[in-house]
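What follows is query17.json (JSON, C-alpha atoms).
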[["chain", "number", "residue", "atom", "x", "y", "z"],
["A", 606, "MET", "CA", 166.95, 120.86, 140.91],
["A", 607, "THR", "CA", 163.95, 120.63, 138.67],
["A", 608, "SER", "CA", 163.84, 119.14, 135.24],
["A", 609, "ALA", "CA", 161.75, 120.57, 132.44],
["A", 610, "THR", "CA", 159.99, 118.39, 129.95],
["A", 611, "ILE", "CA", 160.35, 119.62, 126.42],
["A", 612, "THR", "CA", 157.57, 118.56, 124.05],
["A", 613, "ALA", "CA", 158.05, 118.64, 120.34],
["A", 614, "PRO", "CA", 155.59, 120.74, 118.39],
["A", 615, "ASP", "CA", 152.76, 118.88, 116.69],
["A", 616, "THR", "CA", 153.67, 119.06, 113.04],
["A", 617, "ARG", "CA", 150.25, 117.74, 112.08],
["A", 618, "ARG", "CA", 148.65, 121.03, 113.06],
["A", 619, "GLY", "CA", 148.59, 124.16, 110.96],
["A", 620, "ARG", "CA", 149.99, 127.50, 112.01],
["A", 621, "ASP", "CA", 146.79, 128.36, 113.87],
["A", 622, "GLY", "CA", 146.65, 125.02, 115.69],
["A", 623, "VAL", "CA", 143.99, 123.54, 113.38],
["A", 624, "ARG", "CA", 144.56, 120.08, 112.03],
["A", 625, "PRO", "CA", 144.23, 119.87, 108.22],
["A", 626, "GLY", "CA", 142.55, 116.49, 108.55],
["A", 627, "ARG", "CA", 139.82, 117.96, 110.73],
["A", 628, "VAL", "CA", 139.28, 120.77, 108.22],
["A", 629, "LEU", "CA", 138.92, 118.25, 105.41],
["A", 630, "LEU", "CA", 136.46, 116.26, 107.54],
["A", 631, "TYR", "CA", 134.30, 119.32, 108.16],
["A", 632, "VAL", "CA", 134.39, 120.22, 104.47],
["A", 633, "ALA", "CA", 133.33, 116.69, 103.49],
["A", 634, "LEU", "CA", 130.53, 116.73, 106.08],
["A", 635, "ALA", "CA", 129.36, 120.14, 104.88],
["A", 636, "VAL", "CA", 129.28, 118.99, 101.26],
["A", 637, "GLY", "CA", 127.39, 115.85, 102.26],
["A", 638, "ALA", "CA", 124.89, 117.89, 104.27],
["A", 639, "ILE", "CA", 124.28, 120.22, 101.33],
["A", 640, "LEU", "CA", 123.75, 117.28, 98.98],
["A", 641, "MET", "CA", 121.24, 115.78, 101.44],
["A", 642, "ILE", "CA", 119.36, 119.01, 102.09],
["A", 643, "ALA", "CA", 119.23, 120.28, 98.49],
["A", 644, "PRO", "CA", 116.40, 117.94, 97.35],
["A", 645, "PHE", "CA", 114.26, 118.94, 100.33],
["A", 646, "VAL", "CA", 114.88, 122.63, 99.67],
["A", 647, "TRP", "CA", 113.98, 122.13, 96.00],
["A", 648, "MET", "CA", 110.81, 120.28, 97.02],
["A", 649, "VAL", "CA", 109.63, 123.08, 99.31],
["A", 650, "LEU", "CA", 110.47, 125.80, 96.80],
["A", 651, "THR", "CA", 108.65, 123.90, 94.04],
["A", 652, "ALA", "CA", 105.62, 123.60, 96.29],
["A", 653, "LEU", "CA", 105.52, 127.41, 96.51],
["A", 654, "LYS", "CA", 105.66, 128.04, 92.75],
["A", 655, "SER", "CA", 102.93, 128.48, 90.19],
["A", 656, "ASN", "CA", 102.39, 126.07, 87.30],
["A", 657, "LEU", "CA", 104.00, 128.52, 84.87],
["A", 658, "GLU", "CA", 107.20, 128.72, 86.91],
["A", 659, "ILE", "CA", 107.54, 124.94, 86.94],
["A", 660, "ALA", "CA", 108.23, 124.90, 83.20],
["A", 661, "LYS", "CA", 111.37, 127.01, 83.52],
["A", 662, "PHE", "CA", 114.37, 126.37, 85.74],
["A", 663, "SER", "CA", 114.63, 128.67, 88.72],
["A", 664, "TRP", "CA", 115.44, 128.06, 92.33],
["A", 665, "LEU", "CA", 113.41, 130.85, 93.90],
["A", 666, "PRO", "CA", 109.73, 131.43, 93.06],
["A", 667, "THR", "CA", 108.75, 134.94, 92.07],
["A", 668, "GLU", "CA", 105.76, 134.72, 94.41],
["A", 669, "LEU", "CA", 105.33, 132.48, 97.42],
["A", 670, "ARG", "CA", 102.06, 130.63, 96.84],
["A", 671, "TRP", "CA", 101.28, 129.25, 100.30],
["A", 672, "GLN", "CA", 97.78, 128.47, 99.09],
["A", 673, "ASN", "CA", 99.26, 125.56, 97.16],
["A", 674, "PHE", "CA", 99.28, 123.56, 100.38],
["A", 675, "VAL", "CA", 95.58, 124.18, 100.95],
["A", 676, "GLU", "CA", 94.68, 123.52, 97.33],
["A", 677, "ALA", "CA", 96.72, 120.31, 97.36],
["A", 678, "MET", "CA", 94.64, 119.02, 100.26],
["A", 679, "GLN", "CA", 91.52, 119.78, 98.21],
["A", 680, "SER", "CA", 92.72, 118.30, 94.90],
["A", 681, "ALA", "CA", 92.90, 114.76, 96.32],
["A", 682, "PRO", "CA", 91.77, 113.08, 99.56],
["A", 683, "PHE", "CA", 95.13, 113.78, 101.19],
["A", 684, "LEU", "CA", 93.54, 114.31, 104.60],
["A", 685, "ARG", "CA", 92.16, 110.79, 104.42],
["A", 686, "TYR", "CA", 95.59, 109.53, 103.36],
["A", 687, "PHE", "CA", 97.19, 111.31, 106.31],
["A", 688, "LEU", "CA", 94.65, 109.84, 108.72],
["A", 689, "ASN", "CA", 95.17, 106.36, 107.28],
["A", 690, "SER", "CA", 98.96, 106.61, 107.61],
["A", 691, "PHE", "CA", 98.62, 107.90, 111.17],
["A", 692, "THR", "CA", 96.29, 105.03, 112.09],
["A", 693, "ILE", "CA", 98.61, 102.44, 110.55],
["A", 694, "ALA", "CA", 101.71, 103.93, 112.20],
["A", 695, "VAL", "CA", 100.11, 104.04, 115.66],
["A", 696, "GLY", "CA", 98.59, 100.57, 115.32],
["A", 697, "GLU", "CA", 101.74, 98.90, 114.04],
["A", 698, "THR", "CA", 103.94, 100.62, 116.62],
["A", 699, "ALA", "CA", 101.71, 99.64, 119.54],
["A", 700, "PHE", "CA", 101.53, 96.06, 118.30],
["A", 701, "THR", "CA", 105.31, 95.97, 117.76],
["A", 702, "LEU", "CA", 106.16, 97.31, 121.21],
["A", 703, "VAL", "CA", 104.00, 94.67, 122.87],
["A", 704, "VAL", "CA", 104.93, 91.63, 120.78],
["A", 705, "CYS", "CA", 108.62, 92.34, 120.22],
["A", 706, "THR", "CA", 109.41, 93.33, 123.79],
["A", 707, "MET", "CA", 107.67, 90.24, 125.14],
["A", 708, "SER", "CA", 109.50, 87.96, 122.71],
["A", 709, "GLY", "CA", 112.78, 89.77, 123.33],
["A", 710, "TYR", "CA", 112.36, 89.38, 127.08],
["A", 711, "ALA", "CA", 111.60, 85.67, 126.66],
["A", 712, "LEU", "CA", 114.74, 85.15, 124.58],
["A", 713, "ALA", "CA", 116.88, 87.11, 127.05],
["A", 714, "ARG", "CA", 115.57, 86.03, 130.45],
["A", 715, "LEU", "CA", 113.46, 82.88, 130.33],
["A", 716, "PRO", "CA", 115.10, 79.43, 130.51],
["A", 717, "ILE", "CA", 113.81, 78.34, 127.11],
["A", 718, "ARG", "CA", 115.30, 75.19, 125.65],
["A", 719, "GLY", "CA", 116.95, 76.06, 122.37],
["A", 720, "SER", "CA", 116.96, 79.83, 122.99],
["A", 721, "LYS", "CA", 120.32, 80.16, 121.24],
["A", 722, "THR", "CA", 118.89, 78.44, 118.19],
["A", 723, "LEU", "CA", 115.88, 80.77, 118.23],
["A", 724, "LEU", "CA", 118.19, 83.76, 118.48],
["A", 725, "ASN", "CA", 120.20, 82.55, 115.50],
["A", 726, "TYR", "CA", 116.92, 82.06, 113.63],
["A", 727, "PHE", "CA", 115.94, 85.69, 114.28],
["A", 728, "ILE", "CA", 119.38, 86.84, 113.13],
["A", 729, "MET", "CA", 119.01, 84.83, 109.93],
["A", 730, "LEU", "CA", 115.61, 86.40, 109.32],
["A", 731, "LEU", "CA", 117.31, 89.81, 109.24],
["A", 732, "LEU", "CA", 118.93, 88.73, 105.98],
["A", 733, "VAL", "CA", 115.62, 87.89, 104.26],
["A", 734, "PRO", "CA", 114.33, 90.73, 102.02],
["A", 735, "PHE", "CA", 110.68, 91.60, 102.42],
["A", 736, "GLN", "CA", 110.06, 91.04, 98.70],
["A", 737, "ILE", "CA", 110.74, 87.32, 99.12],
["A", 738, "ILE", "CA", 107.87, 86.83, 101.57],
["A", 739, "LEU", "CA", 105.53, 89.29, 99.87],
["A", 740, "VAL", "CA", 103.50, 86.77, 97.83],
["A", 741, "PRO", "CA", 103.25, 84.12, 100.60],
["A", 742, "LEU", "CA", 102.21, 86.84, 103.05],
["A", 743, "PHE", "CA", 99.54, 88.04, 100.62],
["A", 744, "LEU", "CA", 98.14, 84.50, 100.32],
["A", 745, "VAL", "CA", 98.10, 84.08, 104.09],
["A", 746, "VAL", "CA", 96.28, 87.38, 104.61],
["A", 747, "LYS", "CA", 93.76, 86.50, 101.90],
["A", 748, "SER", "CA", 93.05, 83.13, 103.51],
["A", 749, "ILE", "CA", 92.37, 84.27, 107.08],
["A", 750, "PRO", "CA", 89.38, 82.17, 108.25],
["A", 751, "LEU", "CA", 86.06, 83.83, 109.10],
["A", 752, "PHE", "CA", 87.15, 87.27, 107.85],
["A", 753, "GLY", "CA", 86.14, 89.05, 104.66],
["A", 754, "GLY", "CA", 83.58, 86.41, 103.71],
["A", 755, "ASN", "CA", 85.92, 83.45, 104.22],
["A", 756, "ASP", "CA", 84.68, 80.18, 105.67],
["A", 757, "ILE", "CA", 86.37, 78.22, 108.45],
["A", 758, "LEU", "CA", 88.92, 76.95, 105.89],
["A", 759, "GLY", "CA", 89.76, 80.47, 104.67],
["A", 760, "GLN", "CA", 88.03, 80.09, 101.32],
["A", 761, "GLY", "CA", 85.37, 82.09, 99.49],
["A", 762, "GLY", "CA", 86.28, 85.65, 100.47],
["A", 763, "ILE", "CA", 89.07, 88.20, 100.68],
["A", 764, "GLY", "CA", 90.19, 87.68, 104.28],
["A", 765, "TRP", "CA", 92.10, 90.68, 105.60],
["A", 766, "LEU", "CA", 92.55, 92.29, 102.19],
["A", 767, "ASN", "CA", 91.55, 95.97, 102.10],
["A", 768, "SER", "CA", 91.15, 96.08, 105.89],
["A", 769, "TRP", "CA", 92.93, 97.57, 108.89],
["A", 770, "TRP", "CA", 93.78, 94.07, 110.08],
["A", 771, "GLY", "CA", 95.71, 93.40, 106.88],
["A", 772, "LEU", "CA", 97.49, 96.75, 106.96],
["A", 773, "ILE", "CA", 98.58, 96.59, 110.62],
["A", 774, "ILE", "CA", 99.00, 93.02, 111.88],
["A", 775, "PRO", "CA", 101.25, 91.40, 109.20],
["A", 776, "LEU", "CA", 103.90, 94.14, 109.44],
["A", 777, "GLY", "CA", 103.47, 94.82, 113.14],
["A", 778, "ALA", "CA", 106.36, 92.63, 114.25],
["A", 779, "ALA", "CA", 109.81, 92.20, 112.78],
["A", 780, "PRO", "CA", 112.92, 90.18, 113.73],
["A", 781, "LEU", "CA", 114.99, 93.36, 113.97],
["A", 782, "TYR", "CA", 112.84, 94.79, 116.77],
["A", 783, "THR", "CA", 112.82, 91.51, 118.69],
["A", 784, "PHE", "CA", 116.61, 91.36, 118.42],
["A", 785, "LEU", "CA", 117.00, 94.97, 119.62],
["A", 786, "ALA", "CA", 114.70, 94.37, 122.59],
["A", 787, "ARG", "CA", 116.54, 91.15, 123.48],
["A", 788, "GLN", "CA", 119.91, 92.92, 123.45],
["A", 789, "PHE", "CA", 118.69, 95.54, 125.92],
["A", 790, "TYR", "CA", 117.13, 92.99, 128.26],
["A", 791, "VAL", "CA", 120.39, 91.01, 128.28],
["A", 792, "SER", "CA", 122.31, 94.13, 129.32],
["A", 793, "LEU", "CA", 120.21, 94.59, 132.49],
["A", 794, "PRO", "CA", 121.53, 93.10, 135.76],
["A", 795, "ASP", "CA", 119.95, 89.76, 136.61],
["A", 796, "GLU", "CA", 119.84, 90.69, 140.31],
["A", 797, "LEU", "CA", 116.81, 92.89, 139.65],
["A", 798, "ALA", "CA", 114.76, 89.94, 138.42],
["A", 799, "GLN", "CA", 115.99, 87.69, 141.22],
["A", 800, "ALA", "CA", 115.03, 90.24, 143.87],
["A", 801, "ALA", "CA", 111.57, 90.60, 142.31],
["A", 802, "ARG", "CA", 111.09, 86.83, 142.30],
["A", 803, "ILE", "CA", 112.03, 86.67, 145.99],
["A", 804, "ASP", "CA", 109.35, 89.31, 146.66],
["A", 805, "GLY", "CA", 106.81, 87.07, 144.94],
["A", 806, "LEU", "CA", 106.47, 88.92, 141.66],
["A", 807, "GLY", "CA", 105.59, 86.74, 138.68],
["A", 808, "GLU", "CA", 107.52, 86.62, 135.44],
["A", 809, "PHE", "CA", 105.05, 88.81, 133.58],
["A", 810, "GLY", "CA", 105.18, 91.36, 136.38],
["A", 811, "ILE", "CA", 108.97, 91.36, 136.22],
["A", 812, "TYR", "CA", 108.79, 91.99, 132.48],
["A", 813, "LEU", "CA", 106.17, 94.71, 132.74],
["A", 814, "ARG", "CA", 107.03, 96.51, 135.98],
["A", 815, "ILE", "CA", 110.76, 95.96, 136.49],
["A", 816, "MET", "CA", 112.61, 95.33, 133.23],
["A", 817, "THR", "CA", 110.66, 97.16, 130.52],
["A", 818, "PRO", "CA", 110.70, 100.59, 132.23],
["A", 819, "LEU", "CA", 114.51, 100.35, 132.25],
["A", 820, "ILE", "CA", 114.84, 100.04, 128.48],
["A", 821, "LYS", "CA", 113.20, 103.30, 127.44],
["A", 822, "PRO", "CA", 115.96, 104.06, 124.87],
["A", 823, "ALA", "CA", 115.21, 100.71, 123.23],
["A", 824, "LEU", "CA", 111.48, 101.39, 123.19],
["A", 825, "ILE", "CA", 112.02, 104.79, 121.59],
["A", 826, "THR", "CA", 114.45, 103.31, 119.06],
["A", 827, "ILE", "CA", 111.98, 100.58, 118.08],
["A", 828, "ALA", "CA", 109.12, 103.10, 117.95],
["A", 829, "VAL", "CA", 111.04, 105.48, 115.69],
["A", 830, "PHE", "CA", 112.03, 102.68, 113.33],
["A", 831, "GLN", "CA", 108.51, 101.28, 113.15],
["A", 832, "ILE", "CA", 106.73, 104.63, 112.80],
["A", 833, "GLU", "CA", 109.07, 105.57, 109.95],
["A", 834, "ALA", "CA", 108.54, 102.22, 108.23],
["A", 835, "ALA", "CA", 104.76, 102.36, 108.64],
["A", 836, "TRP", "CA", 104.53, 106.00, 107.55],
["A", 837, "ASN", "CA", 106.52, 105.34, 104.38],
["A", 838, "ALA", "CA", 104.86, 101.99, 103.57],
["A", 839, "PHE", "CA", 104.05, 101.65, 99.89],
["A", 840, "LEU", "CA", 104.45, 98.14, 98.45],
["A", 841, "TRP", "CA", 102.30, 96.24, 100.94],
["A", 842, "PRO", "CA", 99.38, 98.73, 100.90],
["A", 843, "LEU", "CA", 99.60, 98.75, 97.10],
["A", 844, "MET", "CA", 98.98, 95.00, 97.07],
["A", 845, "ILE", "CA", 96.12, 94.72, 99.55],
["A", 846, "THR", "CA", 94.14, 97.98, 99.28],
["A", 847, "THR", "CA", 91.61, 98.80, 96.59],
["A", 848, "SER", "CA", 89.92, 102.00, 97.79],
["A", 849, "ASP", "CA", 90.93, 105.50, 98.82],
["A", 850, "ALA", "CA", 89.31, 104.89, 102.21],
["A", 851, "MET", "CA", 92.15, 102.50, 103.10],
["A", 852, "ARG", "CA", 95.13, 103.88, 101.19],
["A", 853, "PRO", "CA", 97.99, 105.45, 103.17],
["A", 854, "LEU", "CA", 99.79, 108.65, 102.27],
["A", 855, "GLN", "CA", 102.68, 107.34, 100.19],
["A", 856, "LEU", "CA", 100.37, 105.25, 98.02],
["A", 857, "GLY", "CA", 98.00, 108.20, 97.66],
["A", 858, "LEU", "CA", 100.85, 110.42, 96.45],
["A", 859, "ALA", "CA", 101.85, 107.80, 93.89],
["A", 860, "ILE", "CA", 98.28, 107.52, 92.60],
["A", 861, "PHE", "CA", 98.03, 111.31, 92.45],
["A", 862, "ALA", "CA", 101.12, 111.32, 90.16],
["A", 863, "GLN", "CA", 100.24, 108.28, 88.07],
["A", 864, "ASN", "CA", 99.46, 110.34, 84.93],
["A", 865, "PRO", "CA", 102.60, 112.36, 84.06],
["A", 866, "ALA", "CA", 100.72, 114.54, 81.58],
["A", 867, "GLU", "CA", 98.31, 115.79, 84.25],
["A", 868, "ILE", "CA", 100.56, 116.09, 87.29],
["A", 869, "GLN", "CA", 100.14, 119.28, 89.25],
["A", 870, "TRP", "CA", 103.74, 119.55, 90.42],
["A", 871, "PRO", "CA", 103.19, 122.31, 93.00],
["A", 872, "TYR", "CA", 100.42, 120.26, 94.60],
["A", 873, "LEU", "CA", 102.45, 117.06, 94.48],
["A", 874, "MET", "CA", 105.45, 118.75, 96.08],
["A", 875, "ALA", "CA", 103.21, 120.35, 98.69],
["A", 876, "GLY", "CA", 101.74, 116.98, 99.61],
["A", 877, "THR", "CA", 105.19, 115.41, 99.70],
["A", 878, "ALA", "CA", 106.53, 118.18, 101.93],
["A", 879, "LEU", "CA", 103.64, 117.71, 104.35],
["A", 880, "ALA", "CA", 104.25, 113.95, 104.31],
["A", 881, "THR", "CA", 107.92, 114.48, 105.21],
["A", 882, "LEU", "CA", 107.31, 116.97, 108.02],
["A", 883, "PRO", "CA", 106.01, 114.52, 110.68],
["A", 884, "MET", "CA", 109.08, 112.28, 110.33],
["A", 885, "ILE", "CA", 111.41, 115.26, 110.69],
["A", 886, "VAL", "CA", 109.60, 116.43, 113.82],
["A", 887, "LEU", "CA", 109.61, 112.89, 115.24],
["A", 888, "PHE", "CA", 113.35, 112.49, 114.80],
["A", 889, "ILE", "CA", 114.09, 115.94, 116.27],
["A", 890, "PHE", "CA", 112.18, 115.16, 119.48],
["A", 891, "ALA", "CA", 113.40, 111.55, 119.77],
["A", 892, "GLN", "CA", 116.96, 112.13, 118.56],
["A", 893, "ARG", "CA", 118.71, 111.97, 121.94],
["A", 894, "ARG", "CA", 117.01, 108.76, 123.05],
["A", 895, "PHE", "CA", 117.28, 107.28, 119.57],
["A", 896, "VAL", "CA", 121.05, 107.84, 119.37],
["A", 897, "GLU", "CA", 121.44, 106.54, 122.92],
["A", 898, "GLY", "CA", 119.48, 103.43, 122.07],
["A", 899, "MET", "CA", 121.49, 102.68, 118.95],
["A", 900, "ALA", "CA", 124.76, 103.28, 120.78],
["A", 901, "ASN", "CA", 123.85, 100.86, 123.57],
["A", 902, "VAL", "CA", 122.89, 97.98, 121.28],
["A", 903, "GLY", "CA", 125.66, 95.46, 121.74],
["A", 904, "ILE", "CA", 126.32, 91.95, 120.59],
["A", 905, "LYS", "CA", 126.27, 90.36, 124.02],
["A", 906, "GLY", "CA", 125.16, 86.77, 123.82]]

Structure encoded using structure tokens:
Amino acid sequence: MTSATITAPDTRRGRDGVRPGRVLLYVALAVGAILMIAPFVWMVLTALKSNLEIAKFSWLPTELRWQNFVEAMQSAPFLRYFLNSFTIAVGETAFTLVVCTMSGYALARLPIRGSKTLLNYFIMLLLVPFQIILVPLFLVVKSIPLFGGNDILGQGGIGWLNSWWGLIIPLGAAPLYTFLARQFYVSLPDELAQAARIDGLGEFGIYLRIMTPLIKPALITIAVFQIEAAWNAFLWPLMITTSDAMRPLQLGLAIFAQNPAEIQWPYLMAGTALATLPMIVLFIFAQRRFVEGMANVGIKG
């Protein structure tokens, strides 16, 4: 004799089997997505308008002026700004991946006395806003010895001000990236390093050839964070650069719009749209690894 199990109907579902809570969630997400996308849509549409259409409110331009993008590149040295931002982003990211992965590996794997204290120090540094160290960092960069006309004591010149060194090196390493790298190295099995040591591989070889290739999601996560930060840098370049030859894109856009009475809004929006495009493309291609990297970051000690 068989017994049948009778299950009560799920009263939380609607007549069509759709949960009202899920519908509300999708509606909230859709509204949030629209609110996030609307400014970008407005920016692109403004970039395609004429100067006369800017004065009156309208979403759609009467004529798509794609030449605004070309004319924007000619109205200011935006190509130079793009090249500067690209150089800074690549330089800072390369420097970050080397320094932060090495320091993260040391904190995770090397028998350093006081490593827990160092880790707590890095965590505390995450709470320090960049604005607090801005002036001391400026003074340090200005006083770099034997650079920019400085003597051995760092006096008499400008140091790394208005130079690639000053734009790349000071912001090339951050506690957040060291912490992220350390968390990934901790998650790897220690047997890999022990087997490599038995085979005679040195500690640097273990870091470079064994451990680091296994944390590709972490490397992509750090690279995405640093490229985005370097590409959108504004305050630090504003303080240390004095010429268009060294200014990055975001600072160049701000200088282009510094006189409200003479702003060419279609050109400004065209330049801003072009400045946003590389970050969108970067996130689209790195999205899977980026999400995987952020999901795997734990708090293992």

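Put simply, atom CA of A:Ala713 is 9.6 Å away from atom CA of A:Phe784.
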
Query raised in the report: Which is closest to A:Pro716 among A:Glu808, A:Leu793, A:Trp647, A:Gln760, if we use all atoms listed in the file?
Result: A:Glu808

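If you look at atom CA of A:Ala633 and atom CA of A:Phe645, they are 19.5 Å away from each other.
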
Please produce, as CSV, a per-residue contact table for stretch 619-692 of chain A versus stretch 864-873 of chain A (criterion: any atom at most 7 Å away, only C-alpha atoms considered), showing the nearest atom pair and its distance in Å to one decimal, sorted by chain then residue number.
residue,atom,partner,partner_atom,distance
A:Thr651,CA,A:Pro871,CA,5.8
A:Ala652,CA,A:Pro871,CA,4.3
A:Leu653,CA,A:Pro871,CA,6.6
A:Lys654,CA,A:Pro871,CA,6.2
A:Ser655,CA,A:Pro871,CA,6.8
A:Asn656,CA,A:Pro871,CA,6.9
A:Asn673,CA,A:Tyr872,CA,6.0
A:Phe674,CA,A:Tyr872,CA,6.8
A:Ala677,CA,A:Tyr872,CA,4.6

Query raised in the report: Which residues come within 12 Å of A:Ala681, counting all atoms listed in the file, excluding same-chain residues fewer than 3 positions away, as a ChimeraX atom specification?
Result: /A:674-678,684-687,849,854,857-862,868-869,872-873,875-876

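The smallest atom-to-atom distance between A:Leu840 and any of A:Ile639, A:Thr817, A:Leu739, A:Leu744, using all atoms listed in the file, is found for A:Leu739.
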
Query raised in the report: What separation in Å, quoted to one decimal, exists between atom CA of A:Arg852 and atom CA of A:Glu697?
Result: 15.3 Å

Requested in this report: Choose the residue, out of A:Met816, A:Leu629, A:Ile757, A:Leu702, that has the smallest atom-to-atom separation from A:Thr783; count all atoms listed in the file.
Outcome: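 When distances to A:Thr783 are compared using all atoms listed in the file, the smallest one comes from A:Leu702.
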
Query - Close residues, stretch 887-891 of chain A itself excluded, 12 Å, only C-alpha atoms, min 4 positions apart in chain, as a list in words - result: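 The neighbour list is Lys821, Pro822, Ala823, Leu824, Ile825, Thr826, Ile827, Ala828, Val829, Phe830, Gln831, Ile832, Glu833, Trp836, Thr881, Leu882, Pro883, Phe895, Val896, Glu897 and Gly898 of chain A.
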
Select from stretch 804-890 of chain A every residue with an atom at most 7 Å from any atom of stretch 767-774 of chain A, then for each give the shortest pair of atoms and their distance in Å to one decimal, using only C-alpha atoms, rows by chain and rising number, as a Markdown table.
| residue | atom | partner | partner_atom | distance |
| --- | --- | --- | --- | --- |
| A:Pro842 | CA | A:Leu772 | CA | 6.6 |
| A:Ile845 | CA | A:Asn767 | CA | 5.4 |
| A:Thr846 | CA | A:Asn767 | CA | 4.3 |
| A:Thr847 | CA | A:Asn767 | CA | 6.2 |
| A:Met851 | CA | A:Asn767 | CA | 6.6 |
